[in-house]
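**Student:** Sharing model26.txt here; it has compact mmCIF, C-alpha atoms.
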# COMPACT_ATOMS: atom_id res chain seq x y z
CA MET A 1 34.58 -34.88 6.78
CA ASP A 2 33.14 -31.42 6.70
CA ALA A 3 35.64 -29.00 5.16
CA SER A 4 34.35 -26.18 7.35
CA GLN A 5 35.68 -28.01 10.42
CA LEU A 6 39.15 -28.15 8.91
CA LEU A 7 38.92 -24.55 7.82
CA LYS A 8 38.61 -23.29 11.38
CA GLY A 9 42.05 -24.54 12.22
CA VAL A 10 43.81 -23.20 9.16
CA LEU A 11 41.96 -19.98 8.49
CA ASP A 12 44.72 -17.94 10.16
CA VAL A 13 47.30 -19.36 7.76
CA ALA A 14 45.01 -18.93 4.76
CA VAL A 15 44.11 -15.33 5.60
CA LEU A 16 47.70 -14.37 6.31
CA ALA A 17 48.81 -15.96 3.05
CA VAL A 18 46.17 -14.07 1.06
CA VAL A 19 47.07 -10.74 2.67
CA ARG A 20 50.78 -11.38 2.18
CA GLU A 21 50.12 -11.73 -1.51
CA ALA A 22 48.43 -8.32 -1.61
CA ASP A 23 46.74 -5.96 0.81
CA GLY A 24 43.02 -6.44 0.91
CA TYR A 25 39.79 -5.30 2.53
CA GLY A 26 37.47 -7.79 4.18
CA TYR A 27 35.25 -8.74 1.31
CA ASP A 28 38.24 -8.82 -1.02
CA VAL A 29 39.93 -11.36 1.26
CA VAL A 30 36.73 -13.44 1.37
CA ARG A 31 36.57 -13.52 -2.42
CA ARG A 32 40.22 -14.40 -2.87
CA LEU A 33 39.95 -17.26 -0.40
CA ARG A 34 36.92 -18.57 -2.28
CA THR A 35 38.62 -18.17 -5.64
CA ALA A 36 41.57 -20.15 -4.24
CA GLY A 37 39.20 -23.02 -3.55
CA LEU A 38 38.07 -22.47 0.03
CA GLU A 39 34.46 -22.18 -1.02
CA ASP A 40 32.98 -22.93 2.38
CA VAL A 41 34.68 -20.06 4.13
CA GLY A 42 32.17 -17.97 6.01
CA ASP A 43 32.09 -14.19 5.71
CA ALA A 44 31.91 -13.78 9.46
CA SER A 45 34.83 -16.17 10.01
CA VAL A 46 37.05 -14.15 7.71
CA TYR A 47 36.10 -10.86 9.29
CA GLY A 48 36.56 -12.31 12.77
CA THR A 49 39.95 -13.75 11.82
CA LEU A 50 41.12 -10.47 10.31
CA ARG A 51 40.06 -8.68 13.47
CA ARG A 52 41.85 -11.16 15.70
CA LEU A 53 45.06 -11.10 13.66
CA TYR A 54 44.95 -7.31 13.72
CA GLN A 55 44.47 -7.34 17.50
CA ALA A 56 47.36 -9.79 17.82
CA GLY A 57 49.59 -7.38 15.89
CA ALA A 58 50.03 -9.63 12.85
CA LEU A 59 48.24 -7.21 10.54
CA THR A 60 48.11 -3.46 10.14
CA SER A 61 45.17 -1.63 8.67
CA TYR A 62 44.61 1.56 6.77
CA VAL A 63 41.54 3.22 5.31
CA VAL A 64 41.16 4.02 1.63
CA PRO A 65 38.56 6.63 0.75
CA SER A 66 36.20 5.59 -1.99
CA ASP A 67 34.58 7.90 -4.52
CA GLU A 68 31.39 5.91 -4.40
CA GLY A 69 30.31 3.96 -1.37
CA PRO A 70 31.90 3.77 2.05
CA HIS A 71 35.59 3.95 2.83
CA ARG A 72 37.41 0.65 2.81
CA LYS A 73 39.56 -0.68 5.57
CA TYR A 74 42.51 -2.48 4.03
CA TYR A 75 44.61 -5.00 5.92
CA ALA A 76 48.32 -5.43 5.29
CA ILE A 77 50.70 -7.99 6.68
CA ASN A 78 53.62 -6.79 8.83
CA ASP A 79 56.83 -8.44 10.01
CA ARG A 80 55.12 -10.08 12.92
CA GLY A 81 52.49 -11.46 10.61
CA ARG A 82 55.12 -12.82 8.24
CA SER A 83 56.89 -14.65 11.05
CA VAL A 84 53.57 -16.01 12.32
CA LEU A 85 52.78 -17.19 8.80
CA GLU A 86 56.19 -18.79 8.46
CA ASP A 87 55.80 -20.66 11.76
CA SER A 88 52.23 -21.64 10.97
CA GLY A 89 53.27 -22.73 7.49
CA LYS A 90 55.92 -25.05 8.90
CA THR A 91 53.45 -26.48 11.39
CA TRP A 92 50.90 -26.95 8.60
CA ARG A 93 53.33 -28.77 6.30
CA THR A 94 54.48 -31.05 9.09
CA PHE A 95 50.88 -31.76 9.92
CA VAL A 96 49.88 -32.37 6.30
CA ASP A 97 52.87 -34.64 5.71
CA ALA A 98 51.99 -36.65 8.80
CA VAL A 99 48.37 -37.03 7.76
CA ASP A 100 49.41 -37.82 4.17
CA GLY A 101 51.73 -40.53 5.45
CA LEU A 102 48.96 -41.99 7.54
CA LEU A 103 46.53 -41.91 4.62
CA SER A 104 48.98 -43.51 2.14
CA GLY A 105 49.87 -46.12 4.74
CA ALA A 106 46.22 -46.92 5.19
CA ALA A 107 45.76 -47.15 1.42
CA ALA A 108 48.77 -49.48 0.97
CA MET B 1 26.14 2.24 19.93
CA SER B 2 24.81 3.38 16.61
CA SER B 3 27.18 3.68 13.73
CA PRO B 4 26.52 6.08 10.89
CA THR B 5 25.09 4.21 7.96
CA ALA B 6 26.62 4.47 4.55
CA PRO B 7 24.42 5.69 1.72
CA GLY B 8 23.12 3.10 -0.70
CA VAL B 9 22.60 0.56 2.04
CA THR B 10 19.14 -0.92 2.01
CA GLN B 11 16.72 -1.02 4.91
CA GLU B 12 17.20 -4.76 5.00
CA ALA B 13 20.95 -4.29 5.45
CA ARG B 14 20.38 -1.68 8.16
CA ASP B 15 18.08 -4.06 10.00
CA TYR B 16 20.66 -6.81 9.71
CA LEU B 17 23.37 -4.53 11.03
CA ALA B 18 21.18 -3.49 13.96
CA ASP B 19 20.43 -7.12 14.79
CA VAL B 20 24.10 -8.09 14.77
CA GLU B 21 24.82 -5.02 16.86
CA ARG B 22 22.34 -6.30 19.42
CA GLU B 23 24.08 -9.69 19.38
CA LEU B 24 27.41 -8.03 20.12
CA ALA B 25 26.01 -5.68 22.76
CA ASP B 26 27.90 -7.36 25.60
CA LEU B 27 31.33 -6.75 24.03
CA PRO B 28 33.49 -3.74 24.83
CA ALA B 29 32.35 -0.78 22.75
CA GLU B 30 35.64 -0.54 20.87
CA GLU B 31 35.55 -4.20 19.92
CA SER B 32 31.96 -4.25 18.70
CA ALA B 33 32.42 -0.95 16.90
CA ALA B 34 35.32 -2.36 14.90
CA LEU B 35 33.42 -5.53 14.01
CA LEU B 36 30.30 -3.59 13.04
CA GLU B 37 32.29 -1.19 10.91
CA ASP B 38 33.65 -4.15 8.97
CA LEU B 39 30.18 -5.62 8.60
CA GLU B 40 28.79 -2.32 7.43
CA GLN B 41 31.41 -2.07 4.74
CA HIS B 42 30.75 -5.67 3.84
CA LEU B 43 27.02 -5.02 3.46
CA ALA B 44 27.77 -1.98 1.32
CA ALA B 45 30.09 -4.07 -0.86
CA LEU B 46 27.41 -6.73 -1.25
CA ALA B 47 24.89 -4.04 -2.17
CA GLU B 48 27.29 -2.68 -4.79
CA GLU B 49 27.38 -6.04 -6.46
CA GLY B 50 23.74 -5.45 -7.31
CA ASP B 51 22.89 -8.93 -6.14
CA ASP B 52 19.27 -9.11 -5.06
CA CYS B 53 19.91 -12.08 -2.80
CA PRO B 54 18.64 -11.13 0.66
CA VAL B 55 21.31 -10.51 3.24
CA VAL B 56 19.89 -13.13 5.60
CA ILE B 57 20.20 -15.81 2.92
CA ARG B 58 23.69 -14.71 1.98
CA LEU B 59 25.18 -14.27 5.43
CA GLY B 60 22.92 -16.42 7.57
CA SER B 61 20.88 -15.19 10.49
CA PRO B 62 22.26 -12.24 12.47
CA ALA B 63 22.67 -14.48 15.52
CA ALA B 64 24.62 -17.10 13.56
CA TYR B 65 26.75 -14.41 11.93
CA ALA B 66 27.58 -12.85 15.29
CA GLU B 67 28.40 -16.25 16.76
CA GLU B 68 30.76 -17.12 13.91
CA LEU B 69 32.34 -13.69 14.14
CA ARG B 70 32.97 -14.09 17.86
CA ALA B 71 34.44 -17.55 17.43
CA ALA B 72 36.78 -16.45 14.63
CA ALA B 73 37.80 -13.29 16.45
CA GLY B 74 38.61 -15.28 19.57
CA LEU B 75 35.95 -13.51 21.59
CA PRO B 76 33.85 -15.23 24.24
CA ALA B 77 30.53 -16.65 23.05
CA ARG B 78 27.57 -14.73 24.29
CA GLY B 79 26.58 -16.06 27.69
CA VAL B 80 23.24 -14.38 28.09
CA ALA B 81 20.14 -15.83 26.53
CA ARG B 82 19.98 -15.24 22.83
CA PRO B 83 16.76 -14.56 21.02
CA PRO B 84 14.93 -17.77 20.28
CA VAL B 85 15.82 -19.62 17.13
CA ARG B 86 12.23 -19.31 16.00
CA ARG B 87 12.76 -15.63 15.36
CA ASP B 88 15.67 -16.42 13.07
CA GLU B 89 13.58 -18.97 11.22
CA LEU B 90 10.83 -16.45 10.81
CA ARG B 91 13.32 -13.93 9.52
CA ARG B 92 14.64 -16.45 7.03
CA THR B 93 11.13 -17.26 5.83
CA VAL B 94 10.39 -13.58 5.40
CA ALA B 95 13.65 -13.18 3.49
CA GLU B 96 12.77 -16.08 1.22
CA LEU B 97 9.36 -14.56 0.54
CA ARG B 98 11.03 -11.26 -0.21
CA ALA B 99 13.33 -12.99 -2.66
CA HIS B 100 10.30 -14.11 -4.71
CA PRO B 101 10.24 -12.28 -8.09
CA PHE B 102 6.74 -10.91 -7.48
CA ALA B 103 7.71 -9.56 -4.06
CA ARG B 104 10.79 -7.98 -5.60
CA GLU B 105 8.67 -6.34 -8.29
CA VAL B 106 6.31 -4.98 -5.63
CA SER B 107 9.12 -3.69 -3.49
CA ARG B 108 10.74 -2.08 -6.53
CA LEU B 109 7.45 -0.37 -7.39
CA TRP B 110 7.08 0.70 -3.79
CA ALA B 111 10.56 2.22 -3.85
CA GLU B 112 9.65 4.16 -6.98
CA LEU B 113 6.43 5.43 -5.42
CA ARG B 114 8.06 6.53 -2.18
CA PRO B 115 8.50 10.18 -3.16
CA ALA B 116 4.78 10.36 -3.98
CA TRP B 117 4.03 9.03 -0.53
CA TRP B 118 6.31 11.66 1.03
CA VAL B 119 4.29 14.41 -0.67
CA LEU B 120 0.98 12.85 0.31
CA ARG B 121 2.22 12.35 3.87
CA GLY B 122 3.14 16.02 4.19
CA TYR B 123 -0.26 17.04 2.90
CA LEU B 124 -2.09 14.66 5.21
CA VAL B 125 -0.19 15.85 8.27
CA ILE B 126 -1.99 19.17 7.87
CA ALA B 127 -5.18 18.00 6.20
CA VAL B 128 -6.16 15.20 8.56
CA PRO B 129 -6.14 17.25 11.80
CA CYS B 130 -8.04 20.00 9.97
CA ALA B 131 -10.61 17.53 8.68
CA LEU B 132 -10.99 16.12 12.19
CA ALA B 133 -11.47 19.63 13.58
CA GLY B 134 -14.05 20.41 10.90
CA GLN B 135 -11.76 22.98 9.29
CA TRP B 136 -11.51 21.12 6.07
CA ASP B 137 -11.69 23.11 2.89
CA PHE B 138 -10.78 21.08 -0.16
CA PRO B 139 -8.19 21.01 -1.59
CA VAL B 140 -6.30 23.24 0.83
CA PRO B 141 -7.18 22.71 4.46
CA ALA B 142 -7.90 25.80 6.48
CA PRO B 143 -6.27 25.50 9.92
CA LEU B 144 -7.97 27.80 12.42
CA GLY B 145 -10.34 28.76 9.62
CA SER B 146 -7.62 30.42 7.56
CA ASP B 147 -7.04 29.38 3.95
CA GLU B 148 -3.86 31.45 3.88
CA LEU B 149 -2.43 29.56 6.84
CA GLY B 150 -3.24 26.33 5.03
CA LEU B 151 -1.46 27.56 1.89
CA LEU B 152 1.62 28.23 4.01
CA LEU B 153 1.55 25.10 6.15
CA VAL B 154 0.84 22.52 3.46
CA PRO B 155 3.90 23.25 1.27
CA ALA B 156 6.06 23.50 4.40
CA ALA B 157 4.83 20.12 5.64
CA ILE B 158 5.36 18.53 2.21
CA ALA B 159 8.89 19.92 2.01
CA GLY B 160 9.62 18.66 5.53
CA SER B 161 8.23 15.25 4.73
CA VAL B 162 10.36 14.93 1.58
CA VAL B 163 13.49 16.01 3.46
CA LEU B 164 12.70 13.44 6.14
CA GLY B 165 12.12 10.77 3.50
CA ARG B 166 15.47 11.39 1.86
CA ARG B 167 17.41 11.22 5.08
CA GLN B 168 18.99 8.09 6.36
CA LEU B 169 17.28 7.34 9.65
CA THR B 170 18.19 5.02 12.45
CA PRO B 171 16.13 1.83 12.39
CA VAL B 172 14.13 2.87 15.45
CA THR B 173 13.25 6.29 14.02
CA ALA B 174 12.44 4.75 10.65
CA ARG B 175 10.06 2.28 12.28
CA LEU B 176 8.38 5.01 14.33
CA LEU B 177 7.97 7.04 11.17
CA THR B 178 6.51 4.10 9.27
CA GLY B 179 4.06 3.46 12.08
CA ALA B 180 2.98 7.09 12.26
CA GLY B 181 2.62 7.22 8.47
CA ALA B 182 0.46 4.11 8.43
CA PHE B 183 -1.74 5.57 11.17
CA LEU B 184 -2.09 8.84 9.27
CA ALA B 185 -3.01 7.02 6.07
CA LEU B 186 -5.56 4.92 7.95
CA VAL B 187 -7.24 7.95 9.49
CA ALA B 188 -7.27 9.69 6.11
CA PHE B 189 -8.79 6.62 4.51
CA VAL B 190 -11.52 6.41 7.12
CA LEU B 191 -12.26 10.11 6.69
CA ALA B 192 -12.36 9.77 2.92
CA ALA B 193 -14.60 6.73 3.07
CA ASP B 194 -16.95 8.52 5.46
CA GLY B 195 -17.85 11.40 3.17
CA THR B 196 -20.00 13.09 5.79
CA SER B 197 -16.83 14.29 7.49
CA TYR B 198 -16.29 16.70 4.64
CA PRO B 199 -18.43 19.76 5.23
CA SER B 200 -17.11 21.21 1.97
CA TYR B 201 -19.23 18.76 0.03
CA ASP B 202 -22.31 20.35 1.60
CA PRO B 203 -23.63 22.45 -1.27
CA GLY B 204 -25.44 24.83 1.07
CA TYR B 205 -28.80 23.17 1.11
CA ALA B 206 -30.00 19.87 2.40
CA TYR B 207 -30.25 17.15 -0.21
CA PRO B 208 -33.01 15.12 1.46
CA ALA B 209 -35.38 18.11 1.68
CA VAL B 210 -34.89 18.92 -2.00
CA TYR B 211 -35.39 15.31 -2.89
CA ASP B 212 -38.69 15.15 -0.98
CA GLN B 213 -39.86 18.30 -2.66
CA ALA B 214 -39.04 16.94 -6.09
CA VAL B 215 -40.86 13.75 -5.39
CA GLY B 216 -43.85 15.75 -4.13
CA GLU B 217 -44.06 17.80 -7.33
CA GLN B 218 -43.16 15.01 -9.70
CA PRO B 219 -44.15 11.80 -7.97
CA LEU B 220 -43.99 9.78 -11.20
CA VAL B 221 -40.99 9.84 -13.48
CA SER B 222 -40.49 7.82 -16.64
CA ARG B 223 -37.38 7.49 -18.74
CA TYR B 224 -38.52 10.56 -20.68
CA GLY B 225 -38.90 12.73 -17.60
CA PRO B 226 -41.70 13.58 -15.17
CA VAL B 227 -45.11 12.10 -15.97
CA THR B 228 -47.90 14.67 -15.65
CA ASP B 229 -50.79 12.75 -17.14
CA VAL B 230 -51.93 9.27 -18.14
CA LEU B 231 -54.19 8.81 -21.18
CA PRO B 232 -56.21 5.58 -20.99
CA TYR B 233 -57.75 3.85 -24.01
CA ALA B 234 -60.09 0.91 -24.26
CA ALA B 235 -58.90 -2.13 -26.19
CA ASP B 236 -60.88 -1.04 -29.21
CA GLY B 237 -59.12 2.35 -29.24
CA THR B 238 -61.82 4.39 -27.56
CA PRO B 239 -60.37 7.18 -25.39
CA LEU B 240 -61.48 6.70 -21.82
CA GLU B 241 -62.29 9.47 -19.36
CA ASP B 242 -62.25 9.49 -15.57
CA VAL B 243 -60.41 6.21 -15.23
CA LEU B 244 -59.20 5.56 -11.69
CA LEU B 245 -55.65 4.19 -11.66
CA TYR B 246 -53.81 2.49 -8.81
CA ASP B 247 -50.26 1.27 -8.54
CA GLN B 248 -49.07 -2.26 -7.82
CA ASP B 249 -49.70 -1.78 -4.11
CA GLY B 250 -53.15 -0.39 -4.53
CA ARG B 251 -52.14 3.19 -3.90
CA PRO B 252 -53.77 5.87 -6.04
CA LEU B 253 -51.46 6.68 -8.94
CA GLN B 254 -50.14 10.20 -8.62
CA VAL B 255 -48.61 12.27 -11.37
CA GLY B 256 -46.98 15.67 -11.43
CA PHE B 257 -48.57 19.01 -12.11
CA GLN B 258 -48.00 20.21 -15.65
CA GLU B 259 -46.43 23.64 -15.39
CA TRP B 260 -45.58 24.46 -18.98
CA TRP B 261 -47.95 24.46 -21.92
CA ALA B 262 -47.24 24.92 -25.59
CA ASP B 263 -49.41 28.05 -25.83
CA GLY B 264 -47.75 29.66 -22.86
CA CYS B 265 -50.98 29.95 -20.90
CA ALA B 266 -51.28 29.07 -17.25
CA ARG B 267 -53.78 26.42 -16.30
CA VAL B 268 -55.20 25.14 -13.08
CA LEU B 269 -55.92 21.53 -12.29
CA ARG B 270 -59.59 20.62 -12.01
CA GLN B 271 -59.83 17.28 -10.32
CA PRO B 272 -63.23 15.56 -10.13
CA LEU B 273 -64.81 15.71 -6.71
CA ALA B 274 -66.01 12.67 -4.84
CA ALA B 275 -69.42 12.57 -3.16
CA ASP B 276 -67.90 13.93 0.02
CA GLY B 277 -66.41 16.89 -1.88
CA VAL B 278 -62.81 15.66 -1.75
CA PRO B 279 -60.89 15.94 -5.07
CA VAL B 280 -59.89 12.63 -6.66
CA PRO B 281 -56.30 13.08 -7.86
CA HIS B 282 -56.01 9.71 -9.56
CA ALA B 283 -58.75 10.15 -12.13
CA PHE B 284 -57.20 10.11 -15.60
CA PRO B 285 -56.75 11.90 -17.86
CA GLN B 286 -56.14 14.91 -15.67
CA THR B 287 -58.30 17.93 -16.43
CA TYR B 288 -56.78 21.35 -16.63
CA ALA B 289 -58.69 24.61 -17.06
CA LEU B 290 -57.34 27.97 -18.15
CA ASP B 291 -56.35 30.19 -15.29
CA PRO B 292 -58.30 33.41 -15.94
CA VAL B 293 -56.06 35.37 -13.64
CA PHE B 294 -52.98 34.52 -15.62
CA GLY B 295 -52.86 35.35 -19.32
CA ASP B 296 -55.45 36.31 -21.91
CA PRO B 297 -57.86 33.42 -22.54
CA ALA B 298 -58.38 34.67 -26.11
CA LEU B 299 -54.80 33.81 -26.99
CA CYS B 300 -54.99 30.36 -25.52
CA ASP B 301 -56.32 27.11 -26.86
CA ALA B 302 -59.36 26.55 -24.73
CA THR B 303 -59.08 22.84 -25.00
CA VAL B 304 -56.03 20.67 -25.03
CA ALA B 305 -56.38 17.86 -27.49
CA ARG B 306 -55.08 14.42 -26.76
CA PRO B 307 -51.89 13.69 -28.63
CA GLU B 308 -52.11 11.38 -31.62
CA VAL B 309 -51.35 7.85 -30.58
CA SER B 310 -51.54 4.65 -32.56
CA VAL B 311 -53.47 2.21 -30.48
CA PRO B 312 -52.72 -1.42 -31.30
CA THR B 313 -55.54 -3.48 -32.77
CA PHE B 314 -56.36 -6.58 -30.79
CA PRO B 315 -57.87 -9.68 -32.41
CA GLN B 316 -61.66 -9.72 -32.08
CA PRO B 317 -62.87 -12.30 -29.56
CA VAL B 318 -64.83 -15.05 -31.33
CA PRO B 319 -68.07 -15.70 -29.40
CA THR B 320 -68.71 -19.44 -29.01
CA ALA B 321 -71.28 -21.47 -27.14
CA ALA B 322 -68.59 -22.78 -24.88
CA THR B 323 -68.07 -19.35 -23.32
CA GLY B 324 -71.39 -19.74 -21.55
CA THR B 325 -71.41 -16.28 -20.07
CA GLY B 326 -71.81 -14.28 -23.27
CA PRO B 327 -75.02 -12.60 -24.43
CA ALA B 328 -75.56 -15.53 -26.79
CA GLY B 329 -75.71 -17.85 -23.82
CA VAL B 330 -78.24 -15.64 -22.07
CA ALA B 331 -80.44 -15.51 -25.17
CA GLY B 332 -80.48 -19.27 -25.32
CA ASP B 333 -80.62 -21.40 -28.42
In structure tokens, what does this structure look like?
**Tutor:**
Amino acid sequence: MDASQLLKGVLDVAVLAVVREADGYGYDVVRRLRTAGLEDVGDASVYGTLRRLYQAGALTSYVVPSDEGPHRKYYAINDRGRSVLEDSGKTWRTFVDAVDGLLSGAAA
Amino acid sequence: MSSPTAPGVTQEARDYLADVERELADLPAEESAALLEDLEQHLAALAEEGDDCPVVIRLGSPAAYAEELRAAAGLPARGVARPPVRRDELRRTVAELRAHPFAREVSRLWAELRPAWWVLRGYLVIAVPCALAGQWDFPVPAPLGSDELGLLLVPAAIAGSVVLGRRQLTPVTARLLTGAGAFLALVAFVLAADGTSYPSYDPGYAYPAVYDQAVGEQPLVSRYGPVTDVLPYAADGTPLEDVLLYDQDGRPLQVGFQEWWADGCARVLRQPLAADGVPVPHAFPQTYALDPVFGDPALCDATVARPEVSVPTFPQPVPTAATGTGPAGVAGD
């Protein structure tokens, strides 16, 4: 199964988790996701997700001036984002456990 | 909507940004502006990494990027017809070609030479119209016939061109400028190749007339200079007089008039006359006589001796009976 198909469903959780760890600008979030093992994550998907979460009120943003290069828009998680992440995390674990059970049952 | 472009962003990145902007054109301005701002920062961050990988390879085609962005952002997919996929493929091919080491080297060299082009461009902006109007005066063109005006306008145009070159332009303006520059260079090239368009190279007299005149006075030239006489010898070394010489096409051989003599005396040419009284110019050697009008004959050598030459010695022909046509044959046995 193509990992990129799975990614679409869980990108919200992954992005929120990365930003909860530390504030980050778009490319920073992309790199941290990739470092964490989500190598197939697309740049546009991350940027789109960040934008959507921001629009939904799960993230706040602020601009950091840069001495060299353009200013950077950082995203930070807020209370709403944390509760979304918590809910999504529960859903994800339930889902993973269910699929794990199915897979181990199939293997047995 | 056109967002201000950050410095340090390549033309390729600006093109990419413009293409994505076109893909997002149907979105509310606020929405697309936010997405494009992110992309712009992203492109700048990629550029800072110093990675030469083309943007199209790294991020995919602008259409695909925009589509992924819309999907992830929860925005509706673009309903209207998108540019054909072929264009994206072409773009990718171009990007792959650009990624070739040789192409990179060329583009690097081109980037280094850009300031030189800015200077040349400024100069040509003034020089080309002047050359077309016939008011060319190398190296400074003279608009309206005034060198001073040219001296003022050329540095101003060069300065303007450099300022323009340094500025970050919108893709459309940049393309217009590139097109105009290419046209200017082409016209300049054609003018330069067609040297007749440069009246300044006219030295003040007509070349062809001078050339004809020279040929008329010195019709025969050897590697040592103009030939003014031909001295014939027989095979046995006897100097020959009044030999008629013709060239390879049967035309009478013509030589130049000898103007300067070692004794400083003027001489006039005395060509033998044919039966009808017409001088024969191709009888050699040429005969010169002292010009009594010009110079004192007493101080001049009356005769001009032939120069010393070493005539080669040919083997003597051995008369045999087999020749048949020799005097021996006539005398009989």
**Student:** Go through chain A residue by residue and, counting only C-alpha atoms, keep those with an atom at most 12 Å from chain B; for each kept residue give the shortest atom pair and its distance in Å to one decimal, ordered by chain and increasing number, as CSV.
**Tutor:**
residue,atom,partner,partner_atom,distance
A:Ser4,CA,B:Glu68,CA,11.7
A:Leu7,CA,B:Ala72,CA,10.8
A:Lys8,CA,B:Ala72,CA,7.8
A:Gly9,CA,B:Ala72,CA,10.0
A:Val10,CA,B:Ala72,CA,11.2
A:Leu11,CA,B:Ala72,CA,8.8
A:Asp12,CA,B:Ala72,CA,9.2
A:Val15,CA,B:Ala72,CA,11.7
A:Tyr25,CA,B:Asp38,CA,9.0
A:Gly26,CA,B:His42,CA,7.1
A:Tyr27,CA,B:His42,CA,6.0
A:Asp28,CA,B:Ala45,CA,9.4
A:Val29,CA,B:His42,CA,11.1
A:Val30,CA,B:His42,CA,10.1
A:Arg31,CA,B:Leu46,CA,11.5
A:Val41,CA,B:Glu68,CA,10.9
A:Gly42,CA,B:Leu59,CA,7.9
A:Asp43,CA,B:Leu59,CA,6.9
A:Ala44,CA,B:Leu69,CA,4.7
A:Ser45,CA,B:Ala72,CA,5.0
A:Val46,CA,B:Ala72,CA,7.3
A:Tyr47,CA,B:Leu69,CA,6.8
A:Gly48,CA,B:Ala73,CA,4.0
A:Thr49,CA,B:Ala72,CA,5.0
A:Leu50,CA,B:Ala73,CA,7.5
A:Arg51,CA,B:Ala73,CA,5.9
A:Arg52,CA,B:Ala73,CA,4.6
A:Leu53,CA,B:Ala73,CA,8.1
A:Tyr54,CA,B:Ala73,CA,9.7
A:Gln55,CA,B:Ala73,CA,9.0
A:Ala56,CA,B:Ala73,CA,10.3
A:Ser61,CA,B:Ala34,CA,11.7
A:Val63,CA,B:Asp38,CA,11.4
A:Val64,CA,B:Gln41,CA,11.9
A:Pro65,CA,B:Gln41,CA,11.9
A:Ser66,CA,B:Gln41,CA,11.3
A:Glu68,CA,B:Pro7,CA,9.3
A:Gly69,CA,B:Pro7,CA,6.9
A:Pro70,CA,B:Ala6,CA,5.9
A:His71,CA,B:Gln41,CA,7.6
A:Arg72,CA,B:Gln41,CA,6.9
A:Lys73,CA,B:Asp38,CA,7.7
A:Tyr74,CA,B:Asp38,CA,10.3
A:Tyr75,CA,B:Asp38,CA,11.4
**Student:** To one decimal in Å, tell me the separation between atom CA of His282 of chain B and atom CA of Pro239 of chain B.
**Tutor:**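 If I compute the distance from atom CA of His282 of chain B to atom CA of Pro239 of chain B, I get 16.6 Å.
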**Student:** In Å, with one decimal, what is the gap from atom CA of Glu21 of chain B to atom CA of Leu36 of chain B?
**Tutor:**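 Result for atom CA of Glu21 of chain B versus atom CA of Leu36 of chain B: 6.8 Å, one decimal.
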**Student:** Please compute the atom CA of Leu245 of chain B-atom CA of Val318 of chain B distance, one decimal, in Å.
**Tutor:**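 Rounded to one decimal, the two atoms are 29.0 Å apart.
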**Student:** Write out as a list in words which residues come within 10 Å of Val304 of chain B when counting all atoms listed in the file, dropping same-chain ones fewer than 3 positions away.
**Tutor:**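 My reading of the contact set: Trp261, Ala262, Asp263, Thr287, Tyr288, Ala289, Cys300, Asp301 and Pro307 of chain B.
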**Student:** Within 7 Å of (49.6, -18.1, 6.4) (file coordinates; only C-alpha atoms), which protein or nucleic acid residues are there? I'd like them as a list in words.
**Tutor:**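 Every residue inside that radius is included here: Asp12, Val13, Ala14, Val15, Leu16, Ala17, Leu85, Glu86, Ser88 and Gly89 of chain A.
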**Student:** May I have the residues from that selection written out with C-alpha atoms, as a tab-separated table (two decimals), in the frame of the given file?
**Tutor:**
chain	number	residue	atom	x	y	z
A	12	ASP	CA	44.72	-17.94	10.16
A	13	VAL	CA	47.30	-19.36	7.76
A	14	ALA	CA	45.01	-18.93	4.76
A	15	VAL	CA	44.11	-15.33	5.60
A	16	LEU	CA	47.70	-14.37	6.31
A	17	ALA	CA	48.81	-15.96	3.05
A	85	LEU	CA	52.78	-17.19	8.80
A	86	GLU	CA	56.19	-18.79	8.46
A	88	SER	CA	52.23	-21.64	10.97
A	89	GLY	CA	53.27	-22.73	7.49
**Student:** If we count only C-alpha atoms and set the cut-off at 9 Å, which residues sit around Asp79 of chain A, ignoring sequence neighbours fewer than 4 positions away in its own chain? Please answer as a ChimeraX atom specification.
**Tutor:** /A:58-59,83-84
**Student:** Which polymer residues have any atom within 8 Å of an atom of Val119 of chain B, counting all atoms listed in the file, with same-chain residues fewer than 3 positions away left out, as a VMD selection string?
**Tutor:** chain B and resid 115 to 116 122 to 123 158 to 159 161 to 162
**Student:** Point out the residue among B:Val268, B:Ala111, B:Ala182, B:Leu220 with the least atom-to-atom distance to Asp247 of chain B, counting only C-alpha atoms.
**Tutor:**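 Using only C-alpha atoms, Asp247 of chain B sits closest to B:Leu220.
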**Student:** How big is the axis-aligned box, and where does its centre sit, when it encloses all atoms of segment 139-152 of chain B listed in the file and has 4 Å added on every side, reported in Å to one decimal as AutoDock Vina command-line options?
**Tutor:**
--center_x -4.4 --center_y 26.2 --center_z 5.4 --size_x 20.0 --size_y 18.4 --size_z 22.0
**Student:** Do a neighbour search on Cys130 of chain B at 10 Å with all atoms listed in the file, toss out local chain neighbours closer than 5 positions, and write the hits as a list in words.
**Tutor:**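 Those residues are Leu124, Val125, Gln135, Trp136, Asp137, Val140, Pro141, Ala142, Pro143, Leu144, Gly145 and Gly150 of chain B.
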**Student:** For Ala22 of chain A, which residue out of A:Asp67, A:Ala36, A:Ile77, A:Tyr62 is the nearest one, using all atoms listed in the file?
**Tutor:**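 Closest to Ala22 of chain A of all the choices is A:Ile77.
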